[in-house]
>>> print(open('structure.tsv').read())   # TSV, C-alpha atoms
chain	number	residue	atom	x	y	z
A	1	MET	CA	110.99	109.47	86.23
A	2	PRO	CA	110.89	105.73	87.00
A	3	ARG	CA	107.45	104.27	87.49
A	4	ARG	CA	106.78	103.28	91.09
A	5	HIS	CA	105.84	99.69	91.78
A	6	ASP	CA	104.74	98.42	95.16
A	7	ILE	CA	103.01	95.59	97.00
A	8	GLU	CA	100.86	95.48	100.11
A	9	ILE	CA	102.63	93.95	103.07
A	10	PRO	CA	100.36	92.43	105.73
A	11	ASP	CA	100.54	93.24	109.43
A	12	LEU	CA	103.63	91.53	110.83
A	13	SER	CA	103.14	92.43	114.49
A	14	GLY	CA	104.52	89.70	116.73
A	15	ARG	CA	106.77	88.31	113.99
A	16	ARG	CA	110.56	88.19	114.18
A	17	ALA	CA	112.55	88.61	110.97
A	18	VAL	CA	116.27	88.19	110.27
A	19	VAL	CA	117.61	90.05	107.21
A	20	THR	CA	121.23	89.66	106.14
A	21	GLY	CA	122.86	92.55	104.31
A	22	ALA	CA	120.50	95.04	105.92
A	23	SER	CA	123.07	97.81	106.31
A	24	ASP	CA	122.51	99.22	102.81
A	25	GLY	CA	120.87	98.77	99.44
A	26	ILE	CA	118.17	96.18	98.92
A	27	GLY	CA	118.65	94.64	102.36
A	28	LEU	CA	118.09	97.99	104.05
A	29	GLU	CA	114.92	98.49	102.01
A	30	ILE	CA	113.66	95.01	102.95
A	31	ALA	CA	114.39	95.62	106.64
A	32	THR	CA	112.66	99.02	106.50
A	33	ARG	CA	109.50	97.61	104.93
A	34	LEU	CA	109.30	94.70	107.36
A	35	ALA	CA	109.79	97.01	110.34
A	36	ALA	CA	107.14	99.38	109.00
A	37	ALA	CA	104.72	96.44	108.90
A	38	GLY	CA	105.29	95.74	112.59
A	39	ALA	CA	107.91	92.98	112.54
A	40	GLU	CA	110.84	92.96	114.91
A	41	VAL	CA	113.81	93.00	112.55
A	42	VAL	CA	117.18	91.53	113.47
A	43	MET	CA	119.89	93.13	111.35
A	44	PRO	CA	123.11	91.06	111.38
A	45	VAL	CA	125.87	93.22	109.86
A	46	ARG	CA	129.60	92.97	109.25
A	47	ASN	CA	130.30	96.71	109.58
A	48	ARG	CA	128.76	97.94	112.82
A	49	THR	CA	129.15	101.62	111.91
A	50	LYS	CA	127.13	101.10	108.72
A	51	GLY	CA	124.67	98.99	110.68
A	52	GLU	CA	124.10	101.72	113.25
A	53	ALA	CA	123.56	104.28	110.48
A	54	ALA	CA	121.02	101.96	108.83
A	55	LEU	CA	119.22	101.40	112.11
A	56	ALA	CA	119.06	105.16	112.70
A	57	ARG	CA	117.69	105.71	109.19
A	58	ILE	CA	114.89	103.20	109.74
A	59	ARG	CA	114.01	104.77	113.09
A	60	ASP	CA	113.95	108.22	111.52
A	61	GLU	CA	111.23	106.99	109.17
A	62	HIS	CA	109.51	104.70	111.69
A	63	PRO	CA	110.19	105.85	115.28
A	64	THR	CA	108.42	102.86	116.84
A	65	ALA	CA	110.34	100.30	114.75
A	66	ARG	CA	111.57	97.26	116.69
A	67	LEU	CA	115.13	96.62	115.60
A	68	ALA	CA	118.11	94.65	116.86
A	69	LEU	CA	121.65	94.98	115.54
A	70	GLU	CA	123.86	91.88	115.63
A	71	GLN	CA	127.36	91.08	114.36
A	72	LEU	CA	127.79	88.78	111.36
A	73	ASP	CA	130.52	88.21	108.81
A	74	LEU	CA	129.21	85.62	106.37
A	75	SER	CA	132.74	84.99	105.12
A	76	SER	CA	133.61	83.49	108.53
A	77	LEU	CA	131.95	80.29	109.74
A	78	ALA	CA	133.01	81.17	113.28
A	79	SER	CA	131.05	84.43	113.02
A	80	VAL	CA	128.02	82.55	111.65
A	81	THR	CA	128.22	80.08	114.54
A	82	ALA	CA	128.46	82.92	117.06
A	83	LEU	CA	125.33	84.61	115.71
A	84	GLY	CA	123.47	81.31	115.72
A	85	GLU	CA	124.41	80.77	119.36
A	86	THR	CA	123.36	84.32	120.27
A	87	LEU	CA	119.92	84.00	118.68
A	88	ARG	CA	119.35	80.50	120.07
A	89	ARG	CA	120.21	81.74	123.57
A	90	GLN	CA	117.55	84.40	123.14
A	91	GLY	CA	115.19	81.49	122.56
A	92	ARG	CA	112.68	83.33	120.40
A	93	PRO	CA	111.20	81.82	117.25
A	94	ILE	CA	112.14	83.29	113.89
A	95	HIS	CA	109.27	83.74	111.45
A	96	LEU	CA	111.12	85.24	108.48
A	97	LEU	CA	114.69	84.72	107.29
A	98	ILE	CA	115.84	86.71	104.26
A	99	ASN	CA	119.22	85.44	103.01
A	100	ASN	CA	120.02	88.58	101.06
A	101	ALA	CA	123.64	89.65	101.65
A	102	GLY	CA	126.24	89.15	98.98
A	103	VAL	CA	129.46	90.21	97.31
A	104	MET	CA	130.14	90.45	93.59
A	105	THR	CA	133.04	89.98	91.19
A	106	PRO	CA	136.25	90.92	92.96
A	107	PRO	CA	138.73	91.30	90.09
A	108	ASP	CA	141.21	88.96	91.77
A	109	ARG	CA	140.40	85.71	93.51
A	110	GLN	CA	139.89	86.20	97.24
A	111	ARG	CA	139.38	83.67	100.02
A	112	THR	CA	137.18	83.64	103.09
A	113	ALA	CA	138.52	83.09	106.58
A	114	ASP	CA	137.87	79.36	106.04
A	115	GLY	CA	139.65	79.19	102.68
A	116	PHE	CA	136.64	79.21	100.33
A	117	GLU	CA	136.45	81.34	97.20
A	118	LEU	CA	134.96	84.58	98.53
A	119	GLN	CA	131.75	84.69	96.50
A	120	LEU	CA	130.81	81.05	97.06
A	121	GLY	CA	131.78	81.29	100.72
A	122	THR	CA	129.88	84.50	101.43
A	123	ASN	CA	126.87	84.32	99.16
A	124	HIS	CA	126.11	80.62	99.51
A	125	LEU	CA	128.03	78.71	102.18
A	126	GLY	CA	127.66	81.40	104.84
A	127	HIS	CA	123.89	81.43	104.34
A	128	VAL	CA	123.71	77.62	104.37
A	129	ALA	CA	125.52	77.59	107.70
A	130	LEU	CA	123.35	80.38	109.11
A	131	THR	CA	120.13	78.63	108.11
A	132	ALA	CA	121.32	75.39	109.71
A	133	ARG	CA	122.37	77.15	112.94
A	134	LEU	CA	118.94	78.80	113.16
A	135	LEU	CA	116.97	75.69	112.16
A	136	PRO	CA	115.36	75.03	115.59
A	137	LEU	CA	114.12	78.65	115.76
A	138	LEU	CA	112.89	78.50	112.16
A	139	ILE	CA	110.97	75.31	112.87
A	140	GLU	CA	109.47	76.82	116.01
A	141	GLY	CA	108.38	79.89	114.02
A	142	ARG	CA	107.12	77.84	111.04
A	143	ALA	CA	109.27	80.30	109.15
A	144	ARG	CA	109.36	81.52	105.62
A	145	VAL	CA	112.91	81.52	104.27
A	146	VAL	CA	113.78	83.54	101.17
A	147	SER	CA	117.10	83.01	99.40
A	148	GLN	CA	118.18	85.82	97.10
A	149	THR	CA	119.64	84.70	93.79
A	150	SER	CA	120.57	86.94	90.87
A	151	ILE	CA	119.73	87.57	87.24
A	152	ALA	CA	123.28	86.36	86.61
A	153	ALA	CA	122.01	82.86	87.44
A	154	ARG	CA	120.07	82.71	84.17
A	155	SER	CA	123.17	81.10	82.68
A	156	GLY	CA	126.26	79.31	83.91
A	157	ALA	CA	126.67	76.20	86.01
A	158	ILE	CA	128.20	74.78	89.16
A	159	ASN	CA	131.89	74.19	88.47
A	160	TRP	CA	131.94	70.79	90.15
A	161	GLU	CA	135.53	70.02	89.16
A	162	ASP	CA	136.89	73.27	90.62
A	163	LEU	CA	134.30	74.69	92.98
A	164	GLY	CA	136.75	77.25	94.35
A	165	TRP	CA	137.96	78.46	90.93
A	166	GLU	CA	141.56	77.82	91.93
A	167	ARG	CA	142.78	76.88	88.44
A	168	ASP	CA	141.13	79.50	86.23
A	169	TYR	CA	139.44	82.25	88.23
A	170	ASP	CA	136.79	84.29	86.44
A	171	GLY	CA	134.97	86.73	88.72
A	172	MET	CA	131.66	86.74	86.86
A	173	ARG	CA	131.55	82.98	86.32
A	174	ALA	CA	132.31	82.47	90.01
A	175	TYR	CA	129.56	84.96	90.90
A	176	ARG	CA	127.07	83.14	88.67
A	177	GLN	CA	127.99	79.87	90.36
A	178	SER	CA	127.47	81.35	93.83
A	179	LYS	CA	124.03	82.67	92.89
A	180	ILE	CA	122.98	79.44	91.18
A	181	ALA	CA	124.00	77.77	94.43
A	182	CYS	CA	121.80	80.18	96.43
A	183	GLY	CA	118.82	79.31	94.24
A	184	LEU	CA	119.41	75.56	94.34
A	185	PHE	CA	119.75	75.71	98.13
A	186	GLY	CA	116.50	77.62	98.60
A	187	LEU	CA	114.58	75.16	96.43
A	188	GLU	CA	116.14	72.13	98.10
A	189	LEU	CA	115.31	73.58	101.53
A	190	SER	CA	111.66	73.55	100.51
A	191	ARG	CA	111.87	69.90	99.48
A	192	ARG	CA	113.76	68.85	102.63
A	193	SER	CA	111.34	70.70	104.89
A	194	ASN	CA	108.35	69.05	103.27
A	195	ALA	CA	109.96	65.60	103.49
A	196	ALA	CA	110.98	66.03	107.14
A	197	GLY	CA	107.86	67.89	108.32
A	198	TRP	CA	109.77	70.94	109.55
A	199	GLY	CA	106.94	73.32	108.70
A	200	ILE	CA	109.35	75.76	107.03
A	201	SER	CA	108.43	77.20	103.63
A	202	SER	CA	111.26	78.25	101.37
A	203	ALA	CA	111.18	80.35	98.21
A	204	ILE	CA	113.76	82.11	96.09
A	205	SER	CA	113.80	85.60	94.60
A	206	HIS	CA	115.97	87.87	92.53
A	207	PRO	CA	116.02	91.68	92.42
A	208	GLY	CA	116.58	92.17	88.72
A	209	VAL	CA	118.97	95.01	87.94
A	210	ALA	CA	119.21	98.01	90.28
A	211	PRO	CA	121.81	100.59	91.32
A	212	THR	CA	123.19	98.98	94.48
A	213	SER	CA	126.73	98.98	95.87
A	214	LEU	CA	127.56	95.51	94.50
A	215	LEU	CA	129.45	96.88	91.50
A	216	ALA	CA	130.45	100.20	93.05
A	217	ALA	CA	133.91	101.14	94.27
A	218	ARG	CA	134.69	98.92	97.25
A	219	SER	CA	138.23	98.68	98.54
A	220	GLU	CA	137.60	95.30	100.19
A	221	MET	CA	136.62	93.93	96.76
A	222	GLY	CA	139.77	95.35	95.15
A	223	ARG	CA	137.81	98.04	93.25
A	224	THR	CA	139.00	101.61	93.63
A	225	ASP	CA	136.42	103.02	91.18
A	226	ASP	CA	132.81	102.37	90.25
A	227	THR	CA	132.51	99.91	87.40
A	228	GLY	CA	131.15	101.01	84.05
A	229	SER	CA	128.24	98.62	84.63
A	230	VAL	CA	127.04	100.34	87.78
A	231	ARG	CA	127.31	103.78	86.15
A	232	LEU	CA	125.12	102.55	83.30
A	233	ILE	CA	122.64	100.95	85.70
A	234	ARG	CA	122.32	104.20	87.64
A	235	TRP	CA	121.67	106.12	84.41
A	236	LEU	CA	118.99	103.65	83.29
A	237	SER	CA	117.38	103.48	86.73
A	238	THR	CA	116.98	107.24	87.12
A	239	ARG	CA	115.24	107.36	83.74
A	240	GLY	CA	113.00	104.38	84.35
A	241	VAL	CA	114.52	102.46	81.44
A	242	ILE	CA	114.76	98.65	81.82
A	243	ALA	CA	116.49	98.72	85.23
A	244	GLY	CA	114.64	99.01	88.51
A	245	THR	CA	115.28	101.05	91.62
A	246	VAL	CA	116.51	99.83	94.99
A	247	GLN	CA	112.91	100.10	96.20
A	248	SER	CA	111.45	98.03	93.36
A	249	ALA	CA	114.32	95.52	93.53
A	250	ALA	CA	113.39	94.69	97.14
A	251	LEU	CA	109.80	93.78	96.21
A	252	PRO	CA	110.32	90.20	94.93
A	253	ALA	CA	111.92	89.11	98.20
A	254	LEU	CA	109.24	90.94	100.18
A	255	MET	CA	106.54	89.24	98.11
A	256	ALA	CA	108.09	85.82	98.66
A	257	ALA	CA	108.43	86.49	102.39
A	258	THR	CA	105.08	88.09	103.20
A	259	SER	CA	102.43	87.61	100.54
A	260	PRO	CA	99.61	85.21	101.47
A	261	GLU	CA	99.73	84.03	97.84
A	262	ALA	CA	103.47	83.29	97.82
A	263	LYS	CA	104.19	79.63	97.12
A	264	ASP	CA	106.53	77.32	98.97
A	265	GLY	CA	109.23	76.51	96.42
A	266	GLY	CA	108.24	79.51	94.30
A	267	PHE	CA	110.51	81.87	92.37
A	268	TYR	CA	109.82	85.61	92.38
A	269	GLY	CA	111.36	88.44	90.38
A	270	PRO	CA	110.61	91.59	88.38
A	271	GLN	CA	108.20	91.11	85.49
A	272	GLY	CA	109.52	93.77	83.13
A	273	LEU	CA	111.68	93.36	80.03
A	274	GLY	CA	114.24	90.62	80.62
A	275	ASN	CA	113.14	90.38	84.27
A	276	MET	CA	115.41	93.36	84.94
A	277	GLY	CA	112.82	95.72	86.42
A	278	GLY	CA	109.12	96.27	86.87
A	279	ARG	CA	106.43	94.92	89.13
A	280	PRO	CA	107.23	91.71	91.06
A	281	GLY	CA	105.64	88.36	90.41
A	282	GLU	CA	106.16	84.63	90.13
A	283	GLN	CA	108.31	83.40	87.26
A	284	SER	CA	109.57	80.15	85.77
A	285	LEU	CA	112.83	78.69	86.97
A	286	TRP	CA	115.89	79.41	84.86
A	287	ARG	CA	117.59	76.34	83.43
A	288	PRO	CA	120.55	76.29	85.91
A	289	LEU	CA	118.05	76.12	88.80
A	290	ARG	CA	115.93	73.21	87.53
A	291	SER	CA	118.03	70.15	88.39
A	292	THR	CA	116.92	68.43	91.60
A	293	GLU	CA	120.00	66.20	91.29
A	294	ASP	CA	122.31	69.22	91.30
A	295	ALA	CA	120.42	70.66	94.28
A	296	ALA	CA	120.75	67.46	96.31
A	297	ARG	CA	124.43	67.11	95.40
A	298	LEU	CA	125.12	70.72	96.35
A	299	TRP	CA	123.23	70.32	99.65
A	300	ALA	CA	125.38	67.37	100.70
A	301	LEU	CA	128.60	69.10	99.61
A	302	SER	CA	127.63	72.33	101.40
A	303	GLU	CA	127.00	70.44	104.65
A	304	GLU	CA	130.41	68.80	104.29
A	305	LEU	CA	132.25	72.04	103.58
A	306	THR	CA	130.59	74.07	106.34
A	307	GLY	CA	130.48	71.31	108.97
A	308	VAL	CA	126.78	71.83	109.60
A	309	SER	CA	124.00	69.28	109.46
A	310	PHE	CA	120.27	69.77	108.94
A	311	ALA	CA	119.57	66.28	110.34
A	312	ARG	CA	117.35	66.29	113.42
>>> encode(input="structure.tsv", output="structure tokens")
Amino acid sequence: MPRRHDIEIPDLSGRRAVVTGASDGIGLEIATRLAAAGAEVVMPVRNRTKGEAALARIRDEHPTARLALEQLDLSSLASVTALGETLRRQGRPIHLLINNAGVMTPPDRQRTADGFELQLGTNHLGHVALTARLLPLLIEGRARVVSQTSIAARSGAINWEDLGWERDYDGMRAYRQSKIACGLFGLELSRRSNAAGWGISSAISHPGVAPTSLLAARSEMGRTDDTGSVRLIRWLSTRGVIAGTVQSAALPALMAATSPEAKDGGFYGPQGLGNMGGRPGEQSLWRPLRSTEDAARLWALSEELTGVSFAR
């Protein structure tokens, strides 16, 4: 049996949290834990049926949970804008934003509604646009923002000459790029907030390796069967070997978002062998995440591509 790891989450009563990708997997676990600690959790989801099932599951475990389901397709900037407008109309500060949702390695190159390579557009650009649209509410809430990167970001680089992988698409290399971009954005957000006095703290996290739906059969990703990788991960996870569980994989993001000891600009992940599983903790930045020049360049390019601006 896998060893259980956990952290203590402080009382979050009176706090409002937004968690992307909360309809299943790690995002659902994050939303559940935040709701159990007293936070009001906004769950923006692409598939409303899955979102309603997730909401019902949380309420089954925590009948007094304060939850709100909203519509969001991160692969559409129009959808991101609509959610931003909805939450700004509500006029309530946001105290926690967990940029968690993602897609992984479609075998053939796909494009978002706005023409971006699907993984870059969904995993990175959609979250950049969402964070910018929510910036006034994040500032009001002196929010903690957590951007979820991936163990895949240990290697690879931003493909500056062909950001959309139009000439030579490789699903895993494009995924690595998107997750490096997520990490660089989260770290640059910390620097920009400190420079501008926004009062937002920003950290990054990664879940290690866990049996989620990212590599499972998903028709929208062009996969009719589970990959061999996800079958192996499930086998390892159930035996407590190297890989974590969905529950343990959620802990680094929860630590970054809620721990009184979590550092602005910090990086949190599993502490086991190869950072693939185990208890959560702070860790050193991987090489692709260390360049402040790359982070600043990506920030400017992301603003240009999405049409958003963090200038106030």
>>> closest_atom_pairs(input="structure.tsv", of="segment 50-152 of chain A", to="segment 29-35 of chain A", cutoff="9 Å", atoms="only C-alpha atoms", output="tab-separated table")
residue	atom	partner	partner_atom	distance
A:Leu55	CA	A:Thr32	CA	9.0
A:Arg57	CA	A:Thr32	CA	8.8
A:Ile58	CA	A:Thr32	CA	5.7
A:Arg59	CA	A:Thr32	CA	8.8
A:Glu61	CA	A:Thr32	CA	8.5
A:His62	CA	A:Ala35	CA	7.8
A:Thr64	CA	A:Ala35	CA	8.9
A:Ala65	CA	A:Ala35	CA	5.5
A:Arg66	CA	A:Ala35	CA	6.6
A:Leu67	CA	A:Ala35	CA	7.5
A:Ile98	CA	A:Ile30	CA	8.7
>>> closest_residue(input="structure.tsv", among="A:Leu298, A:Ala250, A:Ala174, A:Ile26", to="Pro107 of chain A", atoms="only C-alpha atoms")
A:Ala174
>>> atom_distance(input="structure.tsv", atom1="atom CA of Thr245 of chain A", atom2="atom CA of Ser23 of chain A")
16.9 Å
>>> closest_residue(input="structure.tsv", among="A:Arg176, A:Arg191, A:Arg279, A:Arg144", to="Leu120 of chain A", atoms="all atoms listed in the file")
A:Arg176
>>> closest_residue(input="structure.tsv", among="A:Ala22, A:Val128, A:Val41, A:Ala296", to="Gly84 of chain A", atoms="only C-alpha atoms")
A:Val128
>>> atom_distance(input="structure.tsv", atom1="atom CA of Leu135 of chain A", atom2="atom CA of Gly307 of chain A")
14.6 Å
>>> residues_around(input="structure.tsv", residues="Leu69 of chain A", least_positions_apart="5", cutoff="9 Å", atoms="only C-alpha atoms", output="list in words")
Val41, Val42, Met43, Pro44, Val45, Arg48, Gly51, Glu52 and Leu55 of chain A
>>> atom_distance(input="structure.tsv", atom1="atom CA of Leu28 of chain A", atom2="atom CA of Ala132 of chain A")
23.5 Å
>>> closest_residue(input="structure.tsv", among="A:Gly91, A:Gly171, A:Gly269, A:Gly102", to="Val19 of chain A", atoms="only C-alpha atoms")
A:Gly102
>>> residues_around(input="structure.tsv", residues="Gly278 of chain A", least_positions_apart="6", cutoff="7 Å", atoms="only C-alpha atoms", output="VMD selection string")
chain A and resid 5 244 270 to 272
>>> write_last_selection(input="structure.tsv", atoms="C-alpha atoms", output="tab-separated table (two decimals), in the frame of the given file")
chain	number	residue	atom	x	y	z
A	5	HIS	CA	105.84	99.69	91.78
A	244	GLY	CA	114.64	99.01	88.51
A	270	PRO	CA	110.61	91.59	88.38
A	271	GLN	CA	108.20	91.11	85.49
A	272	GLY	CA	109.52	93.77	83.13
>>> closest_residue(input="structure.tsv", among="A:Val145, A:Tyr169, A:Asn194, A:Phe310", to="Ala257 of chain A", atoms="all atoms listed in the file")
A:Val145
>>> closest_residue(input="structure.tsv", among="A:Leu83, A:Ile158, A:Ala113, A:Ala56", to="Asp294 of chain A", atoms="all atoms listed in the file")
A:Ile158
>>> residues_around(input="structure.tsv", residues="segment 282-284 of chain A", least_positions_apart="3", cutoff="7 Å", atoms="all atoms listed in the file", output="list in words")
Gly266, Phe267, Tyr268 and Gly269 of chain A
>>> residues_around(input="structure.tsv", residues="Ile94 of chain A", least_positions_apart="5", cutoff="6 Å", atoms="all atoms listed in the file", output="list of chain:residue names")
A:Arg16, A:Leu137, A:Leu138, A:Gly141
>>> residues_around(input="structure.tsv", residues="Pro207 of chain A", least_positions_apart="6", cutoff="9 Å", atoms="all atoms listed in the file", output="CSV table (one decimal) with C-alpha atoms, in the coordinates of the input")
chain,number,residue,atom,x,y,z
A,26,ILE,CA,118.2,96.2,98.9
A,148,GLN,CA,118.2,85.8,97.1
A,149,THR,CA,119.6,84.7,93.8
A,150,SER,CA,120.6,86.9,90.9
A,151,ILE,CA,119.7,87.6,87.2
A,244,GLY,CA,114.6,99.0,88.5
A,246,VAL,CA,116.5,99.8,95.0
A,248,SER,CA,111.4,98.0,93.4
A,249,ALA,CA,114.3,95.5,93.5
A,250,ALA,CA,113.4,94.7,97.1
A,251,LEU,CA,109.8,93.8,96.2
A,252,PRO,CA,110.3,90.2,94.9
A,253,ALA,CA,111.9,89.1,98.2
A,268,TYR,CA,109.8,85.6,92.4
A,269,GLY,CA,111.4,88.4,90.4
A,270,PRO,CA,110.6,91.6,88.4
A,275,ASN,CA,113.1,90.4,84.3
A,276,MET,CA,115.4,93.4,84.9
A,277,GLY,CA,112.8,95.7,86.4
A,280,PRO,CA,107.2,91.7,91.1
>>> decode(input="structure.tsv", residues="segment 173-182 of chain A", atoms="all heavy atoms", output="short mmCIF file (atom, residue, chain, number, x, y, z; two decimals), in the first residue's frame")
data_model
loop_
_atom_site.label_atom_id
_atom_site.label_comp_id
_atom_site.auth_asym_id
_atom_site.auth_seq_id
_atom_site.Cartn_x
_atom_site.Cartn_y
_atom_site.Cartn_z
N ARG A 173 7.80 17.36 -26.58
CA ARG A 173 8.60 18.59 -26.55
C ARG A 173 7.70 19.82 -26.43
O ARG A 173 8.03 20.77 -25.71
CB ARG A 173 9.49 18.67 -27.78
CG ARG A 173 10.60 17.62 -27.80
CD ARG A 173 11.32 17.60 -29.13
NE ARG A 173 12.08 18.83 -29.33
CZ ARG A 173 12.60 19.18 -30.51
NH1 ARG A 173 12.41 18.41 -31.59
NH2 ARG A 173 13.29 20.30 -30.62
N ALA A 174 6.56 19.79 -27.11
CA ALA A 174 5.63 20.91 -26.99
C ALA A 174 5.03 20.97 -25.59
O ALA A 174 4.80 22.06 -25.05
CB ALA A 174 4.52 20.78 -28.04
N TYR A 175 4.77 19.80 -24.99
CA TYR A 175 4.26 19.78 -23.61
C TYR A 175 5.30 20.35 -22.65
O TYR A 175 4.97 21.16 -21.78
CB TYR A 175 3.89 18.36 -23.21
CG TYR A 175 3.39 18.25 -21.78
CD1 TYR A 175 2.16 18.78 -21.42
CD2 TYR A 175 4.16 17.62 -20.81
CE1 TYR A 175 1.71 18.70 -20.11
CE2 TYR A 175 3.72 17.52 -19.49
CZ TYR A 175 2.49 18.07 -19.16
OH TYR A 175 2.05 17.99 -17.85
N ARG A 176 6.57 19.91 -22.79
CA ARG A 176 7.63 20.45 -21.94
C ARG A 176 7.68 21.97 -22.05
O ARG A 176 7.80 22.67 -21.05
CB ARG A 176 8.97 19.86 -22.35
CG ARG A 176 9.21 18.43 -21.94
CD ARG A 176 10.68 18.07 -22.07
NE ARG A 176 10.89 16.65 -21.81
CZ ARG A 176 11.11 15.74 -22.75
NH1 ARG A 176 11.15 16.09 -24.03
NH2 ARG A 176 11.27 14.47 -22.42
N GLN A 177 7.63 22.46 -23.29
CA GLN A 177 7.67 23.91 -23.47
C GLN A 177 6.53 24.60 -22.73
O GLN A 177 6.74 25.60 -22.04
CB GLN A 177 7.57 24.26 -24.96
CG GLN A 177 7.36 25.75 -25.22
CD GLN A 177 7.20 26.09 -26.67
OE1 GLN A 177 8.16 26.46 -27.33
NE2 GLN A 177 5.97 25.98 -27.18
N SER A 178 5.32 24.04 -22.84
CA SER A 178 4.17 24.68 -22.21
C SER A 178 4.32 24.72 -20.69
O SER A 178 3.92 25.70 -20.04
CB SER A 178 2.86 23.96 -22.60
OG SER A 178 2.71 22.72 -21.92
N LYS A 179 4.93 23.68 -20.12
CA LYS A 179 5.08 23.62 -18.67
C LYS A 179 6.28 24.43 -18.18
O LYS A 179 6.27 24.96 -17.06
CB LYS A 179 5.15 22.17 -18.21
CG LYS A 179 3.79 21.48 -18.25
CD LYS A 179 2.80 22.23 -17.38
CE LYS A 179 1.48 21.53 -17.21
NZ LYS A 179 0.59 22.23 -16.25
N ILE A 180 7.32 24.54 -19.00
CA ILE A 180 8.38 25.50 -18.69
C ILE A 180 7.79 26.90 -18.68
O ILE A 180 8.08 27.71 -17.80
CB ILE A 180 9.52 25.39 -19.72
CG1 ILE A 180 10.25 24.05 -19.56
CG2 ILE A 180 10.50 26.55 -19.57
CD1 ILE A 180 11.20 23.74 -20.71
N ALA A 181 6.94 27.19 -19.66
CA ALA A 181 6.30 28.50 -19.73
C ALA A 181 5.46 28.78 -18.49
O ALA A 181 5.49 29.89 -17.95
CB ALA A 181 5.44 28.59 -20.99
N CYS A 182 4.73 27.78 -18.01
CA CYS A 182 3.93 27.96 -16.78
C CYS A 182 4.83 28.34 -15.61
O CYS A 182 4.51 29.24 -14.82
CB CYS A 182 3.18 26.68 -16.44
SG CYS A 182 1.84 26.25 -17.57
#
